[in-house]
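Novice: Quick one: the structure is below, and I'll ask about it shortly.
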Amino acid sequence: MKVTVVGAGAVGASCAEYIAMKNFCSEVVLVDIKEGFAEGKAMDLMQTASLNGFDTKITGTTGDYSKTAGSHVAVITSGIPRKPGMTREELIGINAGIVKDVTANLVKHSPEVIIIVVSNPMDTMAYLVHKTSGLPKHKIIGMGGALDSARFKYRLAEALESPISDVDGMVIAAHSDTGMLPLLSKATRNGVPVTEFLDDEQQKYVIEETKVGGATLTKLLGTSAWYAPGAAVSVMVQAIACDQKKMIPCSLMLEGEYNQSDICLGVPAIIGKNGVEKIVNITLTVEEQLKFAEAAKAVREVNGDLKF
Ligand SMILES: NC(=O)c1ccc[n+]([C@@H]2O[C@H](COP(=O)([O-])OP(=O)(O)OC[C@H]3O[C@@H](n4cnc5c(N)ncnc54)[C@H](O)[C@@H]3O)[C@@H](O)[C@H]2O)c1
Ligand SMILES: O=C(O)C[C@H](O)C(=O)O
């Protein structure tokens with residue numbers, strides 16, 4: 001299994017590191033536009049192989065997409081991250097052009113590739129890849145829900161004063177500060193609804209902190225996060241590489257599911273060797289349905305700024 005990661009910056013390098021550490025892939029190719037940067041990151045990571053005990057071969061290239069030929073999966077992390085005080089949506093002006101060019105280069109050299117879109121604003125960038133790549137819809141997957149759900153579990157465990165391994169939960173809808181929908185109604189501690197343990201104020205805290213999870217880290221770090229994003233991507237790549245058929249919330253092109261069409265939004269899906277094996281329909285409360293529709297409206301407005 002060959003995986004390309006475009007963008008050897010914070011998130012791209014973290015993806016490559018987690019993928020290699022899990023040792024399920026033969027080859028990871030890092031691509032960046034900055035001269036020598038991807039080559040340097042690849043060499044540094046390869047020098048951890050004997051220390052960390054992996055056999056994945058990591059190489060780097062400055063923009064030579066012929067080196068990515070025959071990739072099964074490609075991850076797009078190229079583009080600018082936000083700074084404190086910014087929204088992800090403000091990145092569209094620069095990142096749309098980058099994502100469009102990168103997609104064309106990837107598909108040219110790997111026509112069968114499955115693309116995982118990470119660059120922000122992610123739901124809109126995933127939509128852009130659908131509109132420009134010519135790939136079938138099951139081969140384009142936006143990464144947001146896996147990360148947001150991990151942050152939800154972190155906040156749930158904090159409020160429950162429990163180990164994170166005790167909790168389960170999922171975030172769907174948009175990967176944005178306002179459009180995320182943490183499904184508190186379905187979150188559990190060892191199978192017991194968390195609503196049995198958390199009062200209204202604690203529930204509100206968990207939801208609000210989850211939604212601004214990326215902004216909180218951006219404020220602390222001065223740029224956006226990379227460890228959890230890289231780990232989230234590695235889980236998705238592994239689900240494809242090992243045909244795990246894992247249920248992961250991902251930003252997918254909807255054609256009537258959840259009452260939405262012609263939009264990429266976070267919904268639970270089965271991820272396996274073909275990419276998206278199936279979108280999973282779950283029952284939402286009336287309030288959740290309204291929030292999902294509101295998130296869709298906001299993402300649609302951002303999509304309207306795209307030029308194809
Ligand atoms: N979807 C998510 O959950 C999620 C999570 C974290 C970050 N992100 C997004 O991922 C993107 C990358 O974040 P980061 O922290 O790694 O930024 P970064 O600045 O550390 O890295 C981005 C890299 O992309 C490279 N690049 C720019 N244009 C390129 C091109 N045309 N071809 C190849 N490489 C190119 C840059 O040289 C840089 O090395 C941002 O848009 C950020 O908002 C999304
Ligand atoms: O917050 C950001 O801008 C980056 C990313 O989308 C995240 O959620 O960490």
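Every chain in the structure tokens has a letter given in the order shown (A, B, ...), and although residue numbers restart at 1 in each chain, ligands are simply numbered from 1 in the order shown.
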Which parts of stretch 214-264 of chain A does DSSP call strand (DSSP E) when run on the backbone here, written out as a PyMOL selection string?

Specialist: chain A and resi 246-255+261-264

Novice: Within 12 Å of A:Gly275, counting only C-alpha atoms, which residues qualify if same-chain residues fewer than 6 places away don't, as a PyMOL selection string?

Specialist: chain A and resi 72-74+112-116+135-142+236-248+250+252+269

Novice: Write the residues you've just listed into a file as a short mmCIF file (atom, residue, chain, number, x, y, z; two decimals), in the first residue's frame, and include N, CA and C atoms for each of them.

Specialist:
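Once everything was written out, this is part_36.cif:
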data_model
loop_
_atom_site.label_atom_id
_atom_site.label_comp_id
_atom_site.auth_asym_id
_atom_site.auth_seq_id
_atom_site.Cartn_x
_atom_site.Cartn_y
_atom_site.Cartn_z
N HIS A 72 -2.40 4.44 -3.56
CA HIS A 72 -3.75 3.95 -3.25
C HIS A 72 -4.56 5.02 -2.55
N VAL A 73 -3.88 5.74 -1.65
CA VAL A 73 -4.53 6.80 -0.88
C VAL A 73 -3.65 8.05 -0.93
N ALA A 74 -4.28 9.21 -1.06
CA ALA A 74 -3.53 10.47 -0.96
C ALA A 74 -4.23 11.37 0.04
N GLU A 112 -6.58 5.95 -9.83
CA GLU A 112 -7.44 5.11 -8.99
C GLU A 112 -7.42 5.54 -7.52
N VAL A 113 -6.79 6.68 -7.26
CA VAL A 113 -6.52 7.06 -5.86
C VAL A 113 -7.80 7.34 -5.05
N ILE A 114 -7.71 7.12 -3.75
CA ILE A 114 -8.73 7.57 -2.78
C ILE A 114 -8.14 8.80 -2.09
N ILE A 115 -8.87 9.91 -2.12
CA ILE A 115 -8.33 11.15 -1.54
C ILE A 115 -8.97 11.47 -0.19
N ILE A 116 -8.12 11.75 0.78
CA ILE A 116 -8.60 12.23 2.09
C ILE A 116 -8.25 13.72 2.17
N LEU A 135 -13.18 11.96 -9.81
CA LEU A 135 -13.20 10.68 -9.07
C LEU A 135 -14.63 10.34 -8.65
N PRO A 136 -14.94 9.04 -8.53
CA PRO A 136 -16.26 8.69 -8.01
C PRO A 136 -16.40 9.10 -6.54
N LYS A 137 -17.65 9.32 -6.11
CA LYS A 137 -17.83 9.97 -4.80
C LYS A 137 -17.34 9.12 -3.63
N HIS A 138 -17.30 7.79 -3.79
CA HIS A 138 -16.83 6.97 -2.66
C HIS A 138 -15.32 7.09 -2.45
N LYS A 139 -14.64 7.80 -3.37
CA LYS A 139 -13.18 7.92 -3.25
C LYS A 139 -12.73 9.28 -2.71
N ILE A 140 -13.67 10.09 -2.25
CA ILE A 140 -13.30 11.40 -1.71
C ILE A 140 -13.87 11.52 -0.30
N ILE A 141 -12.98 11.67 0.66
CA ILE A 141 -13.39 11.63 2.07
C ILE A 141 -12.77 12.82 2.81
N GLY A 142 -13.61 13.64 3.40
CA GLY A 142 -13.09 14.77 4.19
C GLY A 142 -12.85 14.33 5.63
N MET A 236 -8.04 6.76 9.57
CA MET A 236 -8.81 6.61 8.33
C MET A 236 -8.02 5.86 7.27
N VAL A 237 -6.72 6.18 7.14
CA VAL A 237 -5.90 5.49 6.15
C VAL A 237 -5.82 4.00 6.49
N GLN A 238 -5.67 3.70 7.78
CA GLN A 238 -5.58 2.29 8.19
C GLN A 238 -6.90 1.55 7.92
N ALA A 239 -8.03 2.24 8.12
CA ALA A 239 -9.33 1.60 7.84
C ALA A 239 -9.42 1.19 6.38
N ILE A 240 -8.84 2.04 5.50
CA ILE A 240 -8.86 1.73 4.06
C ILE A 240 -7.83 0.62 3.77
N ALA A 241 -6.61 0.82 4.24
CA ALA A 241 -5.52 -0.12 3.93
C ALA A 241 -5.83 -1.53 4.43
N CYS A 242 -6.43 -1.63 5.59
CA CYS A 242 -6.69 -2.95 6.20
C CYS A 242 -8.14 -3.37 6.02
N ASP A 243 -8.88 -2.65 5.19
CA ASP A 243 -10.29 -2.97 4.90
C ASP A 243 -11.06 -3.26 6.19
N GLN A 244 -10.93 -2.31 7.14
CA GLN A 244 -11.48 -2.57 8.49
C GLN A 244 -13.00 -2.41 8.58
N LYS A 245 -13.57 -1.69 7.63
CA LYS A 245 -15.02 -1.41 7.66
C LYS A 245 -15.41 -0.77 9.00
N LYS A 246 -14.59 0.20 9.38
CA LYS A 246 -14.82 0.95 10.63
C LYS A 246 -15.86 2.04 10.39
N MET A 247 -16.69 2.31 11.37
CA MET A 247 -17.63 3.44 11.24
C MET A 247 -16.96 4.70 11.76
N ILE A 248 -16.76 5.64 10.84
CA ILE A 248 -16.06 6.89 11.17
C ILE A 248 -16.89 8.05 10.60
N CYS A 250 -17.27 11.18 8.60
CA CYS A 250 -16.41 11.81 7.58
C CYS A 250 -17.26 12.79 6.78
N LEU A 252 -18.72 13.78 3.57
CA LEU A 252 -18.99 13.05 2.33
C LEU A 252 -20.03 13.78 1.49
N ALA A 269 -19.94 6.90 8.43
CA ALA A 269 -19.79 6.06 7.23
C ALA A 269 -18.92 4.86 7.55
#

Novice: Compile a residue-level contact table for chain A against ligand 1 at a cut-off of 6 Å, reporting for every qualifying residue the shortest atom pair and its distance in Å to one decimal, with only C-alpha atoms and all ligand atoms counted, rows ordered by chain and ascending number, as CSV.

Specialist:
residue,atom,partner,partner_atom_place_in_ligand_line,distance
A:Val6,CA,ligand 1,33 (C),5.5
A:Gly7,CA,ligand 1,24 (O),3.8
A:Ala8,CA,ligand 1,39 (O),4.8
A:Gly9,CA,ligand 1,21 (O),3.3
A:Ala10,CA,ligand 1,16 (O),3.8
A:Val11,CA,ligand 1,16 (O),3.7
A:Gly12,CA,ligand 1,16 (O),5.5
A:Val31,CA,ligand 1,33 (C),5.8
A:Asp32,CA,ligand 1,34 (N),3.7
A:Ile33,CA,ligand 1,33 (C),4.3
A:Lys34,CA,ligand 1,37 (O),4.9
A:Thr77,CA,ligand 1,10 (O),4.7
A:Ser78,CA,ligand 1,24 (O),3.5
A:Gly79,CA,ligand 1,27 (C),4.4
A:Ile80,CA,ligand 1,41 (O),4.6
A:Pro81,CA,ligand 1,40 (C),3.7
A:Arg82,CA,ligand 1,43 (O),5.7
A:Ile98,CA,ligand 1,31 (N),4.7
A:Val118,CA,ligand 1,1 (N),3.9
A:Ser119,CA,ligand 1,41 (O),3.8
A:Asn120,CA,ligand 1,41 (O),4.2
A:Met122,CA,ligand 1,1 (N),5.2
A:Met143,CA,ligand 1,1 (N),5.0
A:Gly144,CA,ligand 1,3 (O),4.3
A:Leu147,CA,ligand 1,3 (O),5.9
A:Ser224,CA,ligand 1,15 (O),5.5
A:Ala225,CA,ligand 1,6 (C),5.5
A:Trp226,CA,ligand 1,6 (C),5.6
A:Pro229,CA,ligand 1,5 (C),4.8

Novice: Okay, now the selection with N, CA, C and O atoms, as a compact mmCIF listing (two decimals), in the first residue's frame?

Specialist:
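Written output follows (out34.txt):
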# COMPACT_ATOMS: atom_id res chain seq x y z
N VAL A 6 0.32 15.11 0.82
CA VAL A 6 0.72 16.38 0.23
C VAL A 6 0.67 17.46 1.32
O VAL A 6 -0.34 17.63 1.98
N GLY A 7 1.79 18.19 1.43
CA GLY A 7 1.98 19.13 2.54
C GLY A 7 2.78 18.38 3.59
O GLY A 7 2.29 17.44 4.20
N ALA A 8 4.05 18.81 3.75
CA ALA A 8 4.91 18.15 4.75
C ALA A 8 5.04 19.03 5.98
O ALA A 8 6.02 18.95 6.72
N GLY A 9 4.03 19.89 6.19
CA GLY A 9 4.04 20.78 7.35
C GLY A 9 3.64 20.03 8.61
O GLY A 9 3.84 18.80 8.73
N ALA A 10 3.05 20.77 9.54
CA ALA A 10 2.74 20.19 10.85
C ALA A 10 1.83 18.97 10.73
O ALA A 10 2.15 17.89 11.24
N VAL A 11 0.70 19.12 10.03
CA VAL A 11 -0.25 18.01 9.95
C VAL A 11 0.26 16.89 9.04
O VAL A 11 0.17 15.70 9.38
N GLY A 12 0.83 17.26 7.90
CA GLY A 12 1.32 16.25 6.95
C GLY A 12 2.39 15.36 7.58
O GLY A 12 2.35 14.13 7.46
N VAL A 31 4.97 15.18 -0.12
CA VAL A 31 5.18 16.17 -1.19
C VAL A 31 5.00 17.56 -0.58
O VAL A 31 4.05 17.78 0.17
N ASP A 32 5.90 18.47 -0.91
CA ASP A 32 5.70 19.86 -0.50
C ASP A 32 6.21 20.77 -1.61
O ASP A 32 6.94 20.33 -2.51
N ILE A 33 5.79 22.02 -1.52
CA ILE A 33 6.20 22.99 -2.55
C ILE A 33 7.51 23.68 -2.13
O ILE A 33 8.25 24.19 -2.96
N LYS A 34 7.78 23.69 -0.82
CA LYS A 34 8.99 24.35 -0.29
C LYS A 34 10.19 23.47 -0.59
O LYS A 34 10.24 22.31 -0.18
N THR A 77 -3.00 17.88 2.77
CA THR A 77 -2.87 18.77 3.94
C THR A 77 -2.22 20.09 3.53
O THR A 77 -1.90 20.91 4.39
N SER A 78 -2.00 20.27 2.23
CA SER A 78 -1.31 21.49 1.78
C SER A 78 -2.22 22.70 1.92
O SER A 78 -3.42 22.61 1.69
N GLY A 79 -1.61 23.82 2.27
CA GLY A 79 -2.38 25.06 2.42
C GLY A 79 -2.04 25.73 3.73
O GLY A 79 -1.25 25.21 4.52
N ILE A 80 -2.64 26.90 3.94
CA ILE A 80 -2.29 27.63 5.16
C ILE A 80 -3.23 27.25 6.32
O ILE A 80 -4.40 26.97 6.10
N PRO A 81 -2.68 27.24 7.53
CA PRO A 81 -3.52 27.04 8.72
C PRO A 81 -4.00 28.40 9.24
O PRO A 81 -3.44 29.43 8.89
N ARG A 82 -5.02 28.37 10.11
CA ARG A 82 -5.47 29.66 10.65
C ARG A 82 -4.58 30.11 11.80
O ARG A 82 -3.85 29.32 12.40
N ILE A 98 -4.81 26.01 -4.06
CA ILE A 98 -3.81 24.98 -3.75
C ILE A 98 -4.45 23.59 -3.85
O ILE A 98 -3.91 22.68 -4.50
N VAL A 118 -7.92 17.26 4.02
CA VAL A 118 -7.71 17.78 5.37
C VAL A 118 -7.70 19.32 5.38
O VAL A 118 -8.21 19.95 6.31
N SER A 119 -7.15 19.92 4.31
CA SER A 119 -7.00 21.38 4.26
C SER A 119 -8.34 22.06 4.52
O SER A 119 -9.39 21.59 4.10
N ASN A 120 -8.28 23.20 5.20
CA ASN A 120 -9.50 23.94 5.57
C ASN A 120 -9.82 25.06 4.60
O ASN A 120 -8.92 25.56 3.94
N MET A 122 -12.45 22.53 5.48
CA MET A 122 -12.42 21.16 4.97
C MET A 122 -13.67 20.73 4.21
O MET A 122 -13.57 20.10 3.17
N MET A 143 -11.69 14.73 6.19
CA MET A 143 -11.39 14.40 7.59
C MET A 143 -11.77 15.56 8.50
O MET A 143 -11.24 16.66 8.37
N GLY A 144 -12.67 15.31 9.41
CA GLY A 144 -13.09 16.31 10.40
C GLY A 144 -13.74 15.59 11.56
O GLY A 144 -13.34 15.73 12.71
N LEU A 147 -11.55 13.58 14.05
CA LEU A 147 -10.84 14.47 14.98
C LEU A 147 -11.81 15.08 16.00
O LEU A 147 -11.55 15.07 17.21
N SER A 224 -2.67 26.16 14.08
CA SER A 224 -3.63 25.11 14.46
C SER A 224 -2.92 23.80 14.83
O SER A 224 -1.72 23.62 14.61
N ALA A 225 -3.70 22.89 15.38
CA ALA A 225 -3.17 21.65 15.96
C ALA A 225 -2.67 20.67 14.89
O ALA A 225 -3.03 20.79 13.72
N TRP A 226 -1.84 19.70 15.32
CA TRP A 226 -1.36 18.70 14.37
C TRP A 226 -1.34 17.26 14.90
O TRP A 226 -1.54 16.32 14.13
N PRO A 229 -4.99 15.79 14.66
CA PRO A 229 -5.34 15.69 13.24
C PRO A 229 -4.55 14.58 12.52
O PRO A 229 -5.12 13.78 11.76

Novice: Leaving out A:Gly40 and any residue of its chain fewer than 6 positions from it, which residues lie within 10 Å of it when counting only C-alpha atoms, given as a PyMOL selection string?

Specialist: chain A and resi 8+30+46+59-61

Novice: List the spatial neighbours of A:Pro121 as a VMD selection string - criterion: any atom at most 8 Å away, only C-alpha atoms, same-chain residues fewer than 3 positions off excluded.

Specialist: chain A and resid 88 to 92 124 to 125 175 to 176

Novice: Could you find all residues in stretch 57-268 of chain A that DSSP calls alpha helix (DSSP H) from the backbone, and write them as a PyMOL selection string?

Specialist: chain A and resi 92-109+122-133+145-160+200-211+213-221+227-241

Novice: Point out the residue among A:Glu208, A:Glu17, A:Glu35, A:Glu277 with the least atom-to-atom distance to A:Gln47, counting only C-alpha atoms.

Specialist: A:Glu17

Novice: Of the candidates A:Leu160, A:Val212, A:Val194, A:Leu181, which one gets nearest to ligand 2 if we count only C-alpha atoms and all ligand atoms?

Specialist: A:Val212

Novice: Rank nothing, just name the residue among A:Lys219, A:Lys211, A:Lys273, A:Lys67 nearest to A:Arg151, using only C-alpha atoms.

Specialist: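 Distance minimum relative to A:Arg151 lands on A:Lys211.
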
Novice: Closest to ligand 2 among A:Gly272, A:Gly169, A:Gly191, A:Gly145, using only C-alpha atoms and all ligand atoms?

Specialist: A:Gly145

Novice: Work out how far atom CA of A:Ser251 is from atom CA of A:Pro268, in Å to one decimal.

Specialist: 8.7 Å

Novice: Which is closer to A:Tyr65 than all the others in A:Ile94, A:Thr223, A:Val102, A:Ser149, using only C-alpha atoms?

Specialist: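 Closest to A:Tyr65 of all the choices is A:Val102.
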
Novice: Please compute the atom CA of A:Tyr258-atom CA of A:Thr87 distance, one decimal, in Å.

Specialist: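 Rounded to one decimal, the two atoms are 25.6 Å apart.
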
Novice: From the options A:Thr188, A:Ser26, A:Thr178, A:Thr283, which residue's atoms come nearest to ligand 2, counting only C-alpha atoms and all ligand atoms?

Specialist: A:Thr178
